[in-house]
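What follows is one structure encoded as structure tokens, with my remarks underneath.
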Amino acid sequence: MAGSPAPVRELDGCRADALPLQALLEGGEPVLLKGIAADWSLVEAGRESPQAAMAHLLAHYNGRPLPYSWGPPETAGRPFYTADFTRLNTQALRGTLDAVLDEIAAHLDDPQPPTHYVASVPVDSVLPGLRARNDLDFAAHGVDAPPAIWIGNRITASCHYDAPDNIACCAVGRRRFTLFPPGQIHSLYPGPLDPTPGGQAVSVVDFDAPDFERYPRFREALGHARSVLLEPGDAIFIPSMWWHHVQGLEPFNVLVNYWWSSMPAWIPTPMHALYHAMWSIRDRPEREKQAWREVFDHYVFGPAERAGEHLPEPARKALAPIDESMARQLRAWLIARLNR
């Protein structure tokens, strides 16, 4: 990749049973948690060999079919789009973990193997018992963050963002993360909202061979990039909405990640509002859009208390902090109007 991204800040002495969650959230920037998962049994097996790591996974596997992506060798480990951006270059399949691992094992020495990618499968649903010796103690902080597992060969997850905060643990193999702050979305050239390789819009720039003539603003994004190489046992904190490009660097790679949000369950994802705003606002005349920008700044993007601070508390209703009761009322109100 062109350019020299700045390094990600490193935090030494991290322990799986003593997560610095509050400090990470307050910092609001990516942080390398060096060696936080070094004692995991899966990490230890992976240090022995890919085959030992595979055997360790299968020792906990309950036999349930799971989803995975498959692509021919020409996909080069990059689940992405066909040339016209209307279809994906991989197939969505279901199968057993042992069959997927057998396929990966059969191509460990191939310079360009077929793509096999198990993505974001809940650990507890297919690998019960694995967490006993392979887990971060979110529960000690009162945080419900069930882990997901990512298994594949030399896979590149194209640059994307996630709404929740994220800690991603490199369990087997090495991974390179390249990250960008949320403000660089315009310079990362997001692709279609549907379909997507993994549920989120991804940058269409090929980071290994960027076409600056076609995507000139990508140079601006590189000026804000951070990069870090994760060894087995390392983890990275990725704040909400930070873009990240992830490259698996070995013939066999396993990652375990934890997504969580500080918002209560009755606050929905802002993606619903984004789709509604594109539908109802984006194509209006520019003067109307600018007027609505002011309205949104007043009610949404400004200080949370500003819109209702001049009103008596009983009159504020949706202008006050949204509790579970108000969330139900707003949901019913929206459904009723959208169904007209």
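FYI, nothing fancy with the structure tokens labels: chains A, B, ... in order, residues from 1 per chain, ligands from 1 as they appear.
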- [ ] Could you give me the residues within range 54-125 of chain A that DSSP places in alpha helix (DSSP H), as number ranges by chain?
- [x] A: 54-58, 97-106, 123-125
Keeping C-alpha atoms for every residue in the selection just given, could you write it to a file as an mmCIF file, in the first residue's frame?
data_model
loop_
_atom_site.group_PDB
_atom_site.id
_atom_site.type_symbol
_atom_site.label_atom_id
_atom_site.label_comp_id
_atom_site.auth_asym_id
_atom_site.auth_seq_id
_atom_site.Cartn_x
_atom_site.Cartn_y
_atom_site.Cartn_z
ATOM 1 C CA MET A 54 -7.420 -26.619 13.638
ATOM 2 C CA ALA A 55 -7.490 -29.660 15.934
ATOM 3 C CA HIS A 56 -8.045 -27.385 18.927
ATOM 4 C CA LEU A 57 -11.039 -25.766 17.248
ATOM 5 C CA LEU A 58 -12.526 -29.110 16.231
ATOM 6 C CA LEU A 97 -16.309 -26.534 10.205
ATOM 7 C CA ASP A 98 -14.327 -29.739 9.740
ATOM 8 C CA ALA A 99 -15.007 -29.663 5.988
ATOM 9 C CA VAL A 100 -13.942 -26.010 5.732
ATOM 10 C CA LEU A 101 -10.771 -26.657 7.726
ATOM 11 C CA ASP A 102 -9.969 -29.689 5.557
ATOM 12 C CA GLU A 103 -10.189 -27.486 2.475
ATOM 13 C CA ILE A 104 -7.950 -24.829 4.013
ATOM 14 C CA ALA A 105 -5.448 -27.482 5.141
ATOM 15 C CA ALA A 106 -5.309 -28.974 1.656
ATOM 16 C CA VAL A 123 -18.453 -18.615 19.356
ATOM 17 C CA ASP A 124 -20.982 -20.073 21.775
ATOM 18 C CA SER A 125 -23.247 -21.326 18.976
#
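The closest residue to Gly248 in chain A, picked from A:Ala148, A:Leu127, A:Met263, A:Leu229 and counting only C-alpha atoms, is A:Leu229.
Minimum atom-to-atom distance to Asp109 in chain A, evaluated using only C-alpha atoms, belongs to A:Asn153 out of A:Lys317, A:Gly191, A:Arg282, A:Asn153.
With only C-alpha atoms taken into account, the protein and nucleic acid residues at most 12 Å from His141 in chain A (excluding it and anything under 3 positions from it in its own chain) are Asp17, Ala18, Leu19, Pro20, Leu21, Gln22, Leu136, Asp137, Phe138, Asp144, Ala145, Trp260 and Ser262 of chain A.
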Generate a file of the selected residues that holds C-alpha atoms, formatted as a tab-separated table (two decimals), in the first residue's frame.
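Just written: out.tsv:
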chain	number	residue	atom	x	y	z
A	17	ASP	CA	-9.13	-10.26	33.21
A	18	ALA	CA	-8.46	-6.53	33.60
A	19	LEU	CA	-9.69	-4.75	30.49
A	20	PRO	CA	-9.08	-0.97	30.47
A	21	LEU	CA	-12.48	-0.39	28.86
A	22	GLN	CA	-13.20	3.05	30.28
A	136	LEU	CA	-11.76	-11.49	27.63
A	137	ASP	CA	-13.60	-10.69	30.84
A	138	PHE	CA	-16.19	-8.19	29.69
A	144	ASP	CA	-22.57	-8.17	27.46
A	145	ALA	CA	-20.24	-8.74	24.52
A	260	TRP	CA	-20.35	-3.77	22.27
A	262	SER	CA	-22.54	1.93	25.47
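Within 12 Å of range 293-308 of chain A there are Pro270, Ala273, Ala277, Ile281, Arg282, Arg284, Glu286, Arg287, Glu288, Lys289, Gln290, Ala291, His310, Leu311, Pro312, Glu313, Pro314, Ala315, Arg316, Lys317, Ala318, Leu319, Ala320, Pro321 and Ile322 of chain A, counting only C-alpha atoms and ignoring same-chain residues fewer than 2 positions away.
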